[in-house]
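Asks: To be precise about what I am sending: the file is called data.pdb and holds PDB, C-alpha atoms.
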ATOM      1  CA  MET A   1      65.580  91.414 108.726
ATOM      2  CA  GLY A   2      68.947  89.989 107.638
ATOM      3  CA  LYS A   3      72.301  90.499 109.326
ATOM      4  CA  ARG A   4      75.441  91.258 107.338
ATOM      5  CA  SER A   5      79.035  91.438 108.553
ATOM      6  CA  TYR A   6      80.345  94.991 108.587
ATOM      7  CA  LYS A   7      83.696  96.741 108.931
ATOM      8  CA  GLN A   8      84.642 100.386 109.046
ATOM      9  CA  ILE A   9      88.139 101.006 107.759
ATOM     10  CA  ASP A  10      90.298 104.109 108.060
ATOM     11  CA  VAL A  11      92.265 104.377 104.805
ATOM     12  CA  PHE A  12      95.538 106.216 104.109
ATOM     13  CA  SER A  13      96.405 106.406 107.786
ATOM     14  CA  HIS A  14      98.669 104.767 110.374
ATOM     15  CA  ARG A  15      96.398 105.776 113.248
ATOM     16  CA  PRO A  16      92.600 105.553 113.614
ATOM     17  CA  GLY A  17      90.951 108.861 112.838
ATOM     18  CA  ASP A  18      93.723 110.275 110.659
ATOM     19  CA  GLY A  19      92.528 108.994 107.275
ATOM     20  CA  ASN A  20      89.343 108.577 105.258
ATOM     21  CA  PRO A  21      86.707 106.226 106.718
ATOM     22  CA  LEU A  22      85.072 103.558 104.566
ATOM     23  CA  ALA A  23      82.085 101.337 105.319
ATOM     24  CA  VAL A  24      82.393  97.772 103.986
ATOM     25  CA  ILE A  25      79.586  95.220 103.839
ATOM     26  CA  MET A  26      81.477  91.942 103.698
ATOM     27  CA  ASP A  27      78.830  90.066 101.692
ATOM     28  CA  GLY A  28      76.515  92.052  99.449
ATOM     29  CA  SER A  29      75.088  88.991  97.670
ATOM     30  CA  GLY A  30      71.351  89.218  97.104
ATOM     31  CA  LEU A  31      71.040  92.844  98.187
ATOM     32  CA  PRO A  32      69.063  94.944  95.706
ATOM     33  CA  GLU A  33      70.725  98.098  94.470
ATOM     34  CA  ARG A  34      68.166 100.292  96.241
ATOM     35  CA  SER A  35      69.162  98.720  99.585
ATOM     36  CA  MET A  36      72.827  99.351  98.871
ATOM     37  CA  GLN A  37      72.131 102.970  98.014
ATOM     38  CA  ARG A  38      69.908 103.473 101.041
ATOM     39  CA  PHE A  39      72.563 102.056 103.367
ATOM     40  CA  ALA A  40      75.281 104.230 101.804
ATOM     41  CA  ALA A  41      73.109 107.295 102.396
ATOM     42  CA  TRP A  42      72.537 106.190 105.997
ATOM     43  CA  THR A  43      76.242 105.763 106.803
ATOM     44  CA  ASN A  44      76.780 109.290 105.430
ATOM     45  CA  LEU A  45      80.410 108.414 104.707
ATOM     46  CA  SER A  46      81.989 109.510 101.451
ATOM     47  CA  GLU A  47      81.850 105.890 100.224
ATOM     48  CA  THR A  48      80.362 102.543 101.226
ATOM     49  CA  THR A  49      81.346  99.312  99.476
ATOM     50  CA  PHE A  50      79.735  95.911  99.037
ATOM     51  CA  LEU A  51      81.850  92.798  98.513
ATOM     52  CA  LEU A  52      80.537  90.316  95.934
ATOM     53  CA  PRO A  53      81.782  87.274  94.024
ATOM     54  CA  PRO A  54      83.332  88.097  90.659
ATOM     55  CA  THR A  55      81.191  88.001  87.569
ATOM     56  CA  ASP A  56      81.833  85.077  85.205
ATOM     57  CA  GLU A  57      83.734  87.445  82.921
ATOM     58  CA  GLY A  58      85.710  88.889  85.808
ATOM     59  CA  ARG A  59      86.591  85.464  87.193
ATOM     60  CA  ALA A  60      87.820  84.332  83.782
ATOM     61  CA  ALA A  61      90.040  87.432  83.668
ATOM     62  CA  GLY A  62      91.524  86.658  87.072
ATOM     63  CA  ALA A  63      89.362  88.654  89.516
ATOM     64  CA  ASP A  64      89.530  87.558  93.152
ATOM     65  CA  TYR A  65      86.379  89.443  94.169
ATOM     66  CA  ARG A  66      84.028  92.187  92.964
ATOM     67  CA  VAL A  67      83.147  95.469  94.635
ATOM     68  CA  ARG A  68      80.329  97.966  94.190
ATOM     69  CA  ILE A  69      81.039 101.479  95.431
ATOM     70  CA  PHE A  70      78.340 103.919  96.558
ATOM     71  CA  THR A  71      78.407 107.507  97.765
ATOM     72  CA  PRO A  72      75.387 108.872  99.657
ATOM     73  CA  GLY A  73      74.137 110.123  96.283
ATOM     74  CA  GLY A  74      74.984 107.399  93.772
ATOM     75  CA  GLU A  75      77.244 104.620  92.536
ATOM     76  CA  LEU A  76      80.840 105.148  91.371
ATOM     77  CA  PRO A  77      82.621 103.006  88.759
ATOM     78  CA  PHE A  78      85.911 103.391  90.643
ATOM     79  CA  ALA A  79      87.347 105.186  93.661
ATOM     80  CA  GLY A  80      90.734 104.982  95.336
ATOM     81  CA  HIS A  81      90.266 104.773  99.087
ATOM     82  CA  PRO A  82      87.358 102.274  98.686
ATOM     83  CA  THR A  83      89.656 100.108  96.551
ATOM     84  CA  LEU A  84      92.360  99.901  99.216
ATOM     85  CA  GLY A  85      89.972  99.745 102.180
ATOM     86  CA  THR A  86      87.865  96.974 100.651
ATOM     87  CA  CYS A  87      90.960  94.957  99.790
ATOM     88  CA  HIS A  88      92.227  95.397 103.360
ATOM     89  CA  ALA A  89      88.898  94.114 104.720
ATOM     90  CA  TRP A  90      88.849  91.174 102.278
ATOM     91  CA  LEU A  91      92.361  90.074 103.227
ATOM     92  CA  GLN A  92      91.694  90.565 106.938
ATOM     93  CA  ALA A  93      88.706  88.232 106.642
ATOM     94  CA  GLY A  94      91.115  85.438 105.678
ATOM     95  CA  HIS A  95      90.698  85.389 101.912
ATOM     96  CA  GLN A  96      93.688  84.539  99.739
ATOM     97  CA  PRO A  97      94.288  85.887  96.229
ATOM     98  CA  ARG A  98      95.201  83.579  93.371
ATOM     99  CA  ASP A  99      98.530  85.394  93.061
ATOM    100  CA  PRO A 100     100.160  85.844  96.497
ATOM    101  CA  ASP A 101     101.639  89.221  95.516
ATOM    102  CA  THR A 102      98.771  90.740  93.524
ATOM    103  CA  ILE A 103      95.057  91.010  94.293
ATOM    104  CA  MET A 104      92.712  91.484  91.351
ATOM    105  CA  GLN A 105      89.624  93.554  92.161
ATOM    106  CA  GLU A 106      86.693  93.744  89.775
ATOM    107  CA  SER A 107      84.782  97.032  89.720
ATOM    108  CA  ALA A 108      82.377  98.673  87.307
ATOM    109  CA  LEU A 109      85.404 100.293  85.647
ATOM    110  CA  GLY A 110      87.084  96.918  85.095
ATOM    111  CA  LEU A 111      89.888  95.019  86.814
ATOM    112  CA  VAL A 112      92.192  96.881  89.210
ATOM    113  CA  ARG A 113      95.512  95.382  90.327
ATOM    114  CA  ILE A 114      96.473  95.792  93.986
ATOM    115  CA  ARG A 115      99.882  94.824  95.327
ATOM    116  CA  ARG A 116     101.032  94.111  98.868
ATOM    117  CA  GLN A 117     104.235  95.465 100.365
ATOM    118  CA  GLY A 118     104.240  94.572 104.040
ATOM    119  CA  GLU A 119     101.287  96.366 105.626
ATOM    120  CA  THR A 120     100.916  98.736 102.697
ATOM    121  CA  LEU A 121      98.546  98.164  99.777
ATOM    122  CA  ALA A 122      98.836 100.040  96.494
ATOM    123  CA  PHE A 123      96.540 100.021  93.475
ATOM    124  CA  ALA A 124      97.555 100.434  89.855
ATOM    125  CA  ALA A 125      96.039 103.716  88.701
ATOM    126  CA  PRO A 126      93.487 102.932  85.975
ATOM    127  CA  PRO A 127      93.681 104.591  82.560
ATOM    128  CA  MET A 128      93.004 108.318  82.749
ATOM    129  CA  GLN A 129      91.858 110.768  80.121
ATOM    130  CA  ARG A 130      92.747 114.435  80.414
ATOM    131  CA  SER A 131      91.987 117.590  78.514
ATOM    132  CA  ALA A 132      92.198 121.362  78.814
ATOM    133  CA  PRO A 133      89.285 122.820  80.790
ATOM    134  CA  ASN A 134      86.809 125.226  79.263
ATOM    135  CA  PRO A 135      88.074 128.750  80.104
ATOM    136  CA  ALA A 136      84.602 129.833  81.226
ATOM    137  CA  LEU A 137      84.348 126.885  83.647
ATOM    138  CA  LEU A 138      87.864 127.537  84.931
ATOM    139  CA  ALA A 139      87.000 131.185  85.622
ATOM    140  CA  LEU A 140      83.859 130.210  87.536
ATOM    141  CA  VAL A 141      85.710 127.609  89.619
ATOM    142  CA  THR A 142      88.514 130.075  90.301
ATOM    143  CA  GLY A 143      85.945 132.510  91.673
ATOM    144  CA  ALA A 144      84.232 129.851  93.794
ATOM    145  CA  LEU A 145      87.580 128.912  95.335
ATOM    146  CA  GLY A 146      88.547 132.537  95.988
ATOM    147  CA  LEU A 147      91.687 132.198  93.877
ATOM    148  CA  ARG A 148      93.453 134.777  91.750
ATOM    149  CA  SER A 149      94.346 133.584  88.270
ATOM    150  CA  GLY A 150      98.063 134.119  88.980
ATOM    151  CA  GLN A 151      97.918 131.511  91.758
ATOM    152  CA  ILE A 152      97.049 128.762  89.243
ATOM    153  CA  GLN A 153     100.139 127.368  87.521
ATOM    154  CA  ALA A 154      98.364 124.709  85.422
ATOM    155  CA  ALA A 155      94.893 123.187  85.031
ATOM    156  CA  GLN A 156      93.540 119.969  83.512
ATOM    157  CA  LEU A 157      90.299 117.997  83.427
ATOM    158  CA  LEU A 158      91.114 114.506  84.740
ATOM    159  CA  ASP A 159      88.833 111.499  84.243
ATOM    160  CA  ASN A 160      89.500 107.981  85.575
ATOM    161  CA  GLY A 161      85.877 107.264  86.496
ATOM    162  CA  PRO A 162      85.449 110.224  88.826
ATOM    163  CA  ARG A 163      85.955 113.448  86.849
ATOM    164  CA  TRP A 164      88.102 116.101  88.525
ATOM    165  CA  LEU A 165      89.262 119.561  87.572
ATOM    166  CA  GLY A 166      92.881 119.510  88.703
ATOM    167  CA  LEU A 167      94.573 122.786  89.629
ATOM    168  CA  LEU A 168      98.301 123.088  90.309
ATOM    169  CA  LEU A 169      98.724 126.020  92.711
ATOM    170  CA  ASP A 170     101.683 128.222  93.546
ATOM    171  CA  SER A 171     102.209 127.298  97.201
ATOM    172  CA  ALA A 172     101.162 125.001 100.020
ATOM    173  CA  ASP A 173      99.854 128.058 101.874
ATOM    174  CA  THR A 174      97.522 128.813  98.971
ATOM    175  CA  VAL A 175      96.201 125.246  99.006
ATOM    176  CA  LEU A 176      95.703 125.142 102.775
ATOM    177  CA  GLY A 177      94.248 128.643 102.967
ATOM    178  CA  LEU A 178      91.373 128.072 100.561
ATOM    179  CA  GLN A 179      87.862 128.617 101.900
ATOM    180  CA  PRO A 180      85.681 127.562  98.962
ATOM    181  CA  ASP A 181      82.089 128.511  98.337
ATOM    182  CA  HIS A 182      80.839 124.924  98.329
ATOM    183  CA  ALA A 183      77.314 125.902  97.282
ATOM    184  CA  ARG A 184      78.706 127.553  94.136
ATOM    185  CA  LEU A 185      80.873 124.518  93.375
ATOM    186  CA  LYS A 186      77.844 122.265  93.760
ATOM    187  CA  ASP A 187      75.861 124.438  91.343
ATOM    188  CA  LEU A 188      78.730 124.204  88.837
ATOM    189  CA  GLY A 189      78.611 120.403  89.077
ATOM    190  CA  GLN A 190      82.387 120.092  88.998
ATOM    191  CA  ASP A 191      84.582 118.251  91.514
ATOM    192  CA  VAL A 192      87.870 120.079  92.044
ATOM    193  CA  GLY A 193      91.275 118.912  93.232
ATOM    194  CA  VAL A 194      94.028 121.364  94.165
ATOM    195  CA  VAL A 195      97.689 120.462  94.576
ATOM    196  CA  HIS A 196     101.081 121.996  95.299
ATOM    197  CA  VAL A 197     104.368 120.181  94.674
ATOM    198  CA  ALA A 198     107.338 121.360  96.743
ATOM    199  CA  PRO A 199     110.826 121.442  95.211
ATOM    200  CA  THR A 200     111.838 118.820  97.812
ATOM    201  CA  ALA A 201     108.996 116.409  96.920
ATOM    202  CA  SER A 202     111.385 113.679  95.754
ATOM    203  CA  ASP A 203     112.549 113.254  99.379
ATOM    204  CA  THR A 204     109.970 110.668 100.438
ATOM    205  CA  SER A 205     110.954 110.742 104.109
ATOM    206  CA  ALA A 206     108.268 113.430 104.553
ATOM    207  CA  PRO A 207     105.269 114.678 102.553
ATOM    208  CA  GLY A 208     106.365 116.999  99.754
ATOM    209  CA  VAL A 209     102.975 117.367  98.075
ATOM    210  CA  VAL A 210      99.801 118.803  99.582
ATOM    211  CA  VAL A 211      96.342 118.063  98.121
ATOM    212  CA  ARG A 212      92.744 119.031  98.841
ATOM    213  CA  ALA A 213      89.630 117.604  97.184
ATOM    214  CA  PHE A 214      86.326 119.463  96.915
ATOM    215  CA  ALA A 215      83.437 117.226  95.874
ATOM    216  CA  ALA A 216      80.253 119.157  96.687
ATOM    217  CA  PRO A 217      78.472 117.797  93.567
ATOM    218  CA  MET A 218      78.875 114.284  95.069
ATOM    219  CA  GLY A 219      77.552 115.502  98.426
ATOM    220  CA  ASN A 220      80.979 115.749 100.058
ATOM    221  CA  PRO A 221      82.206 119.372 100.359
ATOM    222  CA  GLU A 222      85.761 118.268 101.191
ATOM    223  CA  ASP A 223      87.019 114.701 101.005
ATOM    224  CA  PRO A 224      89.619 113.861 103.671
ATOM    225  CA  VAL A 225      91.955 111.707 101.537
ATOM    226  CA  THR A 226      91.246 110.845  97.915
ATOM    227  CA  GLY A 227      92.829 107.951  96.016
ATOM    228  CA  SER A 228      91.225 108.549  92.622
ATOM    229  CA  LEU A 229      92.221 112.219  92.584
ATOM    230  CA  ASN A 230      95.794 111.476  93.641
ATOM    231  CA  ALA A 231      96.014 108.831  90.922
ATOM    232  CA  SER A 232      94.874 111.304  88.257
ATOM    233  CA  LEU A 233      97.113 114.075  89.536
ATOM    234  CA  ALA A 234     100.149 111.763  89.392
ATOM    235  CA  GLN A 235      99.291 110.608  85.863
ATOM    236  CA  TRP A 236      99.139 114.264  84.822
ATOM    237  CA  LEU A 237     102.011 115.815  86.776
ATOM    238  CA  ILE A 238     104.723 113.142  86.490
ATOM    239  CA  PRO A 239     104.787 112.872  82.662
ATOM    240  CA  GLU A 240     104.780 116.684  82.427
ATOM    241  CA  GLY A 241     107.812 116.919  84.705
ATOM    242  CA  LEU A 242     105.786 118.778  87.323
ATOM    243  CA  ALA A 243     106.277 116.101  90.011
ATOM    244  CA  PRO A 244     108.930 113.431  90.696
ATOM    245  CA  ARG A 245     108.338 109.737  90.058
ATOM    246  CA  GLN A 246     108.002 109.068  93.794
ATOM    247  CA  TYR A 247     106.490 111.321  96.409
ATOM    248  CA  VAL A 248     104.324 111.394  99.520
ATOM    249  CA  VAL A 249     101.076 113.365  99.690
ATOM    250  CA  ALA A 250      99.652 115.026 102.787
ATOM    251  CA  GLN A 251      95.887 115.433 102.623
ATOM    252  CA  GLY A 252      93.238 116.150 105.230
ATOM    253  CA  GLU A 253      95.011 118.690 107.439
ATOM    254  CA  CYS A 254      92.232 121.250 107.049
ATOM    255  CA  LEU A 255      89.780 118.650 108.394
ATOM    256  CA  GLY A 256      91.935 117.648 111.342
ATOM    257  CA  ARG A 257      93.241 114.519 109.586
ATOM    258  CA  ALA A 258      96.751 113.400 108.681
ATOM    259  CA  GLY A 259      96.247 111.270 105.583
ATOM    260  CA  ARG A 260      99.317 110.018 103.736
ATOM    261  CA  VAL A 261      99.314 108.762 100.153
ATOM    262  CA  ARG A 262     102.415 107.207  98.584
ATOM    263  CA  ILE A 263     102.812 107.684  94.834
ATOM    264  CA  THR A 264     105.253 105.658  92.729
ATOM    265  CA  GLN A 265     105.709 105.407  88.982
ATOM    266  CA  ASP A 266     107.443 102.141  88.068
ATOM    267  CA  ALA A 267     109.867 101.474  85.213
ATOM    268  CA  ASP A 268     106.971 100.640  82.880
ATOM    269  CA  GLY A 269     105.308 103.993  83.538
ATOM    270  CA  GLN A 270     102.540 102.538  85.710
ATOM    271  CA  VAL A 271     101.493 104.795  88.583
ATOM    272  CA  TRP A 272     100.818 103.080  91.918
ATOM    273  CA  VAL A 273      98.804 104.722  94.692
ATOM    274  CA  GLY A 274      99.399 103.292  98.143
ATOM    275  CA  GLY A 275      98.843 103.694 101.844
ATOM    276  CA  ASN A 276      98.009 101.999 105.119
ATOM    277  CA  SER A 277      94.549 100.953 106.283
ATOM    278  CA  ILE A 278      93.246 100.252 109.789
ATOM    279  CA  THR A 279      90.052  98.461 110.828
ATOM    280  CA  CYS A 280      88.314 100.642 113.421
ATOM    281  CA  ILE A 281      84.871  99.021 113.755
ATOM    282  CA  GLU A 282      83.689  95.432 113.259
ATOM    283  CA  GLY A 283      80.225  93.990 113.765
ATOM    284  CA  GLU A 284      76.885  93.294 112.102
ATOM    285  CA  VAL A 285      74.265  95.491 110.501
ATOM    286  CA  LEU A 286      70.607  94.815 109.762
ATOM    287  CA  PHE A 287      69.040  95.120 106.334
ATOM    288  CA  PRO A 288      65.260  95.094 105.922
TER     289      PRO A 288
END
Would you mind writing the file out in structure tokens?
Replies:
Amino acid sequence: MGKRSYKQIDVFSHRPGDGNPLAVIMDGSGLPERSMQRFAAWTNLSETTFLLPPTDEGRAAGADYRVRIFTPGGELPFAGHPTLGTCHAWLQAGHQPRDPDTIMQESALGLVRIRRQGETLAFAAPPMQRSAPNPALLALVTGALGLRSGQIQAAQLLDNGPRWLGLLLDSADTVLGLQPDHARLKDLGQDVGVVHVAPTASDTSAPGVVVRAFAAPMGNPEDPVTGSLNASLAQWLIPEGLAPRQYVVAQGECLGRAGRVRITQDADGQVWVGGNSITCIEGEVLFP
């Protein structure tokens, strides 16, 4: 059996237990994919990541390291809280990026820029494709969520690696009061993100946006705090004038968490998704 260094990071939180936990294997070199997948299923966290050296192509493009991201059920090309949590673990281990202000992470989706601002890390939201959802699918999802059609103000299919059906709802109470039929959502095979934007959302001294993420098809009925979804929602809502260029998201309240995601669109139109991360567990794990 071989030992590997291990960290468990709480992402999008200032206090342990408030965010979304992430398992990080600090050196995944030489591990076969089946071992990675088996370990991710064993942790039973929404995501587990494995740090690796960049590929030759990635290194030539400026990558500082490479990451592979696994859910208990499969590999993801990109995900938000694993991006920030893995970067936090990499920096905490003493690594230094080529550029002191920007870390370049290589993932299956490509290179992702991450910037440091004090203790906060923020990733540049990757390109996102969006389209109108099929009305039949929307009706089925609406039923599975227990929503009335009048409570949905807008809907879009959002794809930045993970593929979400985004629903803009009429109030924070509607978002927080949902009690979805997760079995029906799993049968539909569609991950769903719901969001409400308050009129005061531009005041970033407090959360003005509330989000929930339902990912039963990925084996996670409700994700505590979701970077990829918040990235896609921002790339949809800000250009449409449905959200301000800066805001703070509250996510996880219905699970007893207090996740906080900071969204900023810069002068070039790039959306940045940021938050704090905290290392909660450090040690070694055995791989057969």
Asks: Applying the PyMOL selection byres ((chain A and resi 70) around 12) to the file I just gave you, which residues come out? Please list them as number ranges by chain.
Replies: A: 22-25, 33-51, 67-69, 71-79, 82-83, 107-108, 218-219
Asks: Compare A:Leu165, A:Ala231, A:Ala172, A:Ala201 by their minimum atom-to-atom distance to Ala215 in chain A, counting all atoms listed in the file, and give me the closest one.
Replies: A:Leu165
Asks: Given the file shown, determine the residues that the PyMOL selection byres ((chain A and resi 99) around 12) selects; report them as a list of chain:residue names.
Replies: A:Gly62, A:Ala63, A:Asp64, A:His95, A:Gln96, A:Pro97, A:Arg98, A:Pro100, A:Asp101, A:Thr102, A:Ile103, A:Met104, A:Arg113, A:Ile114, A:Arg115, A:Arg116
Asks: Selected by the PyMOL selection byres ((chain A and resi 263) around 8) in the shown coordinates: which residues, as a JSON list (two decimals) with C-alpha atoms, in the frame of the given file?
Replies:
[["chain", "number", "residue", "atom", "x", "y", "z"],
["A", 231, "ALA", "CA", 96.01, 108.83, 90.92],
["A", 234, "ALA", "CA", 100.15, 111.76, 89.39],
["A", 245, "ARG", "CA", 108.34, 109.74, 90.06],
["A", 246, "GLN", "CA", 108.00, 109.07, 93.79],
["A", 247, "TYR", "CA", 106.49, 111.32, 96.41],
["A", 248, "VAL", "CA", 104.32, 111.39, 99.52],
["A", 249, "VAL", "CA", 101.08, 113.36, 99.69],
["A", 261, "VAL", "CA", 99.31, 108.76, 100.15],
["A", 262, "ARG", "CA", 102.42, 107.21, 98.58],
["A", 264, "THR", "CA", 105.25, 105.66, 92.73],
["A", 265, "GLN", "CA", 105.71, 105.41, 88.98],
["A", 271, "VAL", "CA", 101.49, 104.80, 88.58],
["A", 272, "TRP", "CA", 100.82, 103.08, 91.92],
["A", 273, "VAL", "CA", 98.80, 104.72, 94.69],
["A", 274, "GLY", "CA", 99.40, 103.29, 98.14]]
Asks: CA of His14 in chain A and CA of Pro244 in chain A are how many Å apart?
Replies: 23.8 Å
Asks: Quick one: residues within 7 Å of Leu168 in chain A, all atoms listed in the file, excluding same-chain residues fewer than 2 positions away - as a PDB file with C-alpha atoms, in the coordinates of the input?
Replies:
ATOM      1  CA  ILE A 152      97.049 128.762  89.243  1.00  0.00           C
ATOM      2  CA  GLN A 153     100.139 127.368  87.521  1.00  0.00           C
ATOM      3  CA  ALA A 154      98.364 124.709  85.422  1.00  0.00           C
ATOM      4  CA  ALA A 155      94.893 123.187  85.031  1.00  0.00           C
ATOM      5  CA  GLY A 166      92.881 119.510  88.703  1.00  0.00           C
ATOM      6  CA  ASP A 170     101.683 128.222  93.546  1.00  0.00           C
ATOM      7  CA  VAL A 194      94.028 121.364  94.165  1.00  0.00           C
ATOM      8  CA  VAL A 195      97.689 120.462  94.576  1.00  0.00           C
ATOM      9  CA  HIS A 196     101.081 121.996  95.299  1.00  0.00           C
TER      10      HIS A 196
END
Asks: Determine, counting all atoms listed in the file, which protein, DNA and RNA residues have an atom within 10 Å of an atom of range 277-279 of chain A; residues of the same chain fewer than 5 positions away are not included. Present the result as a list in words.
Replies: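 Contacts, in chain order: Lys7, Gln8, Ile9, Asp10, Val11, Phe12, Ser13, His14, Arg15, Pro16, Gly17, Gly19, Asn20, Pro21, Leu22, His81, Leu84, Gly85, Thr86, Cys87, His88, Ala89, Gln92, Glu119, Thr120 and Leu121 of chain A.
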Asks: Please save C-alpha atoms of the selected residues as a compact mmCIF listing (two decimals), in the coordinates of the input.
Replies:
# COMPACT_ATOMS: atom_id res chain seq x y z
CA LYS A 7 83.70 96.74 108.93
CA GLN A 8 84.64 100.39 109.05
CA ILE A 9 88.14 101.01 107.76
CA ASP A 10 90.30 104.11 108.06
CA VAL A 11 92.26 104.38 104.80
CA PHE A 12 95.54 106.22 104.11
CA SER A 13 96.40 106.41 107.79
CA HIS A 14 98.67 104.77 110.37
CA ARG A 15 96.40 105.78 113.25
CA PRO A 16 92.60 105.55 113.61
CA GLY A 17 90.95 108.86 112.84
CA GLY A 19 92.53 108.99 107.28
CA ASN A 20 89.34 108.58 105.26
CA PRO A 21 86.71 106.23 106.72
CA LEU A 22 85.07 103.56 104.57
CA HIS A 81 90.27 104.77 99.09
CA LEU A 84 92.36 99.90 99.22
CA GLY A 85 89.97 99.74 102.18
CA THR A 86 87.86 96.97 100.65
CA CYS A 87 90.96 94.96 99.79
CA HIS A 88 92.23 95.40 103.36
CA ALA A 89 88.90 94.11 104.72
CA GLN A 92 91.69 90.56 106.94
CA GLU A 119 101.29 96.37 105.63
CA THR A 120 100.92 98.74 102.70
CA LEU A 121 98.55 98.16 99.78
Asks: Using all atoms listed in the file, pick whichever of A:Val197, A:Leu233, A:Leu111, A:Ala139 has the shortest atom-to-atom distance to Trp164 in chain A.
Replies: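 Selected residue with least distance to Trp164 in chain A: A:Leu233.
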Asks: At most 7 Å is the cut-off: for each residue in range 156-206 of chain A with any atom that close to an atom of range 145-149 of chain A, write down the nearest atom pair and the distance in Å rounded to one decimal, counting only C-alpha atoms, chain first then increasing number, as CSV.
Replies:
residue,atom,partner,partner_atom,distance
A:Leu178,CA,A:Leu145,CA,6.5
A:Gln179,CA,A:Leu145,CA,6.6
A:Pro180,CA,A:Leu145,CA,4.3
A:Asp181,CA,A:Leu145,CA,6.3
Asks: Using all atoms listed in the file, find each residue in range 201-275 of chain A having at least one atom no more than 12 Å away from range 183-187 of chain A; report its shortest atom-to-atom pair and that distance in Å (one decimal), rows by chain then rising number, as a tab-separated table.
Replies:
residue	atom	partner	partner_atom	distance
A:Ala213	CA	A:Leu185	CA	11.8
A:Phe214	CA	A:Leu185	CA	8.2
A:Ala215	CA	A:Lys186	CA	7.8
A:Ala216	CA	A:Lys186	CA	4.9
A:Pro217	CA	A:Lys186	CA	4.5
A:Met218	CA	A:Lys186	CA	8.2
A:Gly219	CA	A:Lys186	CA	8.2
A:Asn220	CA	A:Lys186	CA	9.6
A:Pro221	CA	A:Lys186	CA	8.4
A:Glu222	CA	A:Leu185	CA	11.1
Asks: Can you measure CA of Trp236 in chain A to CA of Met128 in chain A for me? One decimal in Å is fine.
Replies: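 Going from CA of Trp236 in chain A over to CA of Met128 in chain A covers 8.8 Å.
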Asks: Figure out the distance between CA of Val175 in chain A and CA of Gln251 in chain A, please, to one decimal in Å.
Replies: 10.5 Å
Asks: Counting all atoms listed in the file, figure out which residue out of A:Asp159, A:Glu57, A:Asp203, A:Asp223 gets nearest to Arg130 in chain A.
Replies: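 With all atoms listed in the file as the atom set, the closest residue is A:Asp159.
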Asks: Closest to Pro127 in chain A among A:Gly269, A:Val211, A:Tyr65, A:Leu286, using all atoms listed in the file?
Replies: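 Using all atoms listed in the file, the shortest distance to Pro127 in chain A belongs to A:Gly269.
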Asks: Would you mind telling me which residue in A:Gly161, A:Ala250, A:Gly110, A:Gln151 lies nearest to Ala198 in chain A when using only C-alpha atoms?
Replies: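 Comparing A:Gly161, A:Ala250, A:Gly110, A:Gln151 against Ala198 in chain A, the winner is A:Ala250.
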Asks: For a quick check of understanding, using all atoms listed in the file, which of A:Leu52, A:Val210, A:Val112, A:Ala125 has the smallest distance to Asp266 in chain A?
Replies: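 Ranked by minimum distance to Asp266 in chain A, first place goes to A:Ala125.
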Asks: Please return as number ranges by chain every residue within 7 Å of (73.7, 91.9, 111.0), taking into account all atoms listed in the file and the file's own coordinates.
Replies: A: 2-5, 284-286
Asks: Can you patch up range 195-206 of chain A, filling it in to N, CA and C atoms, and show the result as a short mmCIF file (atom, residue, chain, number, x, y, z; two decimals), in the frame of the given file?
Replies:
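Okay, this is what ended up in rebuild_20.cif:
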data_model
loop_
_atom_site.label_atom_id
_atom_site.label_comp_id
_atom_site.auth_asym_id
_atom_site.auth_seq_id
_atom_site.Cartn_x
_atom_site.Cartn_y
_atom_site.Cartn_z
N VAL A 195 96.45 121.11 94.19
CA VAL A 195 97.69 120.46 94.58
C VAL A 195 98.84 121.46 94.51
N HIS A 196 99.80 121.29 95.41
CA HIS A 196 101.08 122.00 95.30
C HIS A 196 102.19 120.98 95.47
N VAL A 197 103.21 121.07 94.62
CA VAL A 197 104.37 120.18 94.67
C VAL A 197 105.59 121.00 95.11
N ALA A 198 106.16 120.64 96.25
CA ALA A 198 107.34 121.36 96.74
C ALA A 198 108.58 120.94 95.97
N PRO A 199 109.57 121.82 95.89
CA PRO A 199 110.83 121.44 95.21
C PRO A 199 111.50 120.22 95.83
N THR A 200 111.22 119.95 97.10
CA THR A 200 111.84 118.82 97.81
C THR A 200 110.97 117.56 97.79
N ALA A 201 109.98 117.51 96.90
CA ALA A 201 109.00 116.41 96.92
C ALA A 201 109.62 115.05 96.69
N SER A 202 110.76 114.98 96.02
CA SER A 202 111.38 113.68 95.75
C SER A 202 111.96 113.03 97.02
N ASP A 203 112.11 113.80 98.09
CA ASP A 203 112.55 113.25 99.38
C ASP A 203 111.33 112.65 100.06
N THR A 204 111.19 111.33 99.96
CA THR A 204 109.97 110.67 100.44
C THR A 204 109.98 110.39 101.93
N SER A 205 110.95 110.91 102.66
CA SER A 205 110.95 110.74 104.11
C SER A 205 109.88 111.60 104.78
N ALA A 206 109.33 112.56 104.03
CA ALA A 206 108.27 113.43 104.55
C ALA A 206 107.39 113.86 103.38
#
